[in-house]
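> Quick one: structure below, then a few questions.
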Amino acid sequence: MSADVFIGKHVIIGNGSIILPGISLNDGSVIAALSLVNKDCEPFKIYGGVPAKPLKERKKNLLDLEVQFLEDKKNKT
């Protein structure tokens, strides 16, 4: 079986993790090292294990930093 894997913005995938075909890693999701992802991941949650399960929420202040960075970059040009 083959299918595309969707990887959103600000996703982190730990070393040695396995993402099965057709899975969506939504914006901001984090996959711990050596995890097996067999279900779609919700935005801004941290997953780990075999199979991967949600462990905790991830802070969303990264989005504010992204906006600030882009505005600063725009103002410099």
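We label chains A, B, ... in the order they appear in the structure tokens, count residues from 1 in each chain, and number ligands from 1 in the order shown.
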For Ala3 (chain A), find every residue with an atom within 9 Å (counting only C-alpha atoms), except residues of its own chain fewer than 5 positions away, and show them as a ChimeraX atom specification.
/A:20-23
> Once DSSP has gone over the backbone, tell me which residues of region 7-57 of chain A are in strand (DSSP E or B), as a PyMOL selection string.
chain A and resi 7+12-13+18-19+24-25+30-31+36-37+41+45-48+53-57
> Please measure the separation of CA of Asn26 (chain A) and CA of Ser2 (chain A), giving the value in Å to one decimal.
19.4 Å
> Nearest to Gly48 (chain A): which of A:Leu25, A:Met1, A:Ile12, A:Ala32 is it, counting only C-alpha atoms?
A:Ala32
> One number please: CA of Glu66 (chain A) to CA of Ile31 (chain A), in Å, one decimal.
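Value for the CA of Glu66 (chain A)-CA of Ile31 (chain A) distance: 20.9 Å.
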> Within 8 Å of His10 (chain A), counting only C-alpha atoms, which residues show up once you throw out same-chain ones fewer than 6 positions away? Write them as a CSV table (one decimal) with N, CA, C and O atoms, in the first residue's frame, please.

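New file selection_12.csv:
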```csv
chain,number,residue,atom,x,y,z
A,27,ASP,N,-0.4,20.8,11.6
A,27,ASP,CA,0.5,21.8,12.0
A,27,ASP,C,0.9,21.7,13.5
A,27,ASP,O,0.0,21.6,14.4
A,28,GLY,N,2.2,21.8,13.8
A,28,GLY,CA,2.7,21.9,15.1
A,28,GLY,C,2.7,20.6,15.9
A,28,GLY,O,3.2,20.6,17.0
A,29,SER,N,2.4,19.5,15.2
A,29,SER,CA,2.4,18.2,16.0
A,29,SER,C,3.9,17.8,16.1
A,29,SER,O,4.7,18.1,15.3
```
> How many Å lie between CA of Ile19 (chain A) and CA of Pro54 (chain A), rounded to one decimal?
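Between these atoms lies a distance of 14.9 Å.
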> Identify, with DSSP run on backbone atoms, the residues in chain A assigned to helix (DSSP H, G or I), and express the list as a count of residues only.
16
> Could you pull the residues within 8 Å of Ala33 (chain A), counting only C-alpha atoms, minus those fewer than 2 positions along the same chain, as number ranges by chain?
A: 13-17, 31, 35, 48
> Give the answer as one residue: which of A:Phe44, A:Thr77, A:Glu71, A:Leu62 has the shortest atom-to-atom distance to Gly8 (chain A), using only C-alpha atoms?
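Distance minimum relative to Gly8 (chain A) lands on A:Phe44.
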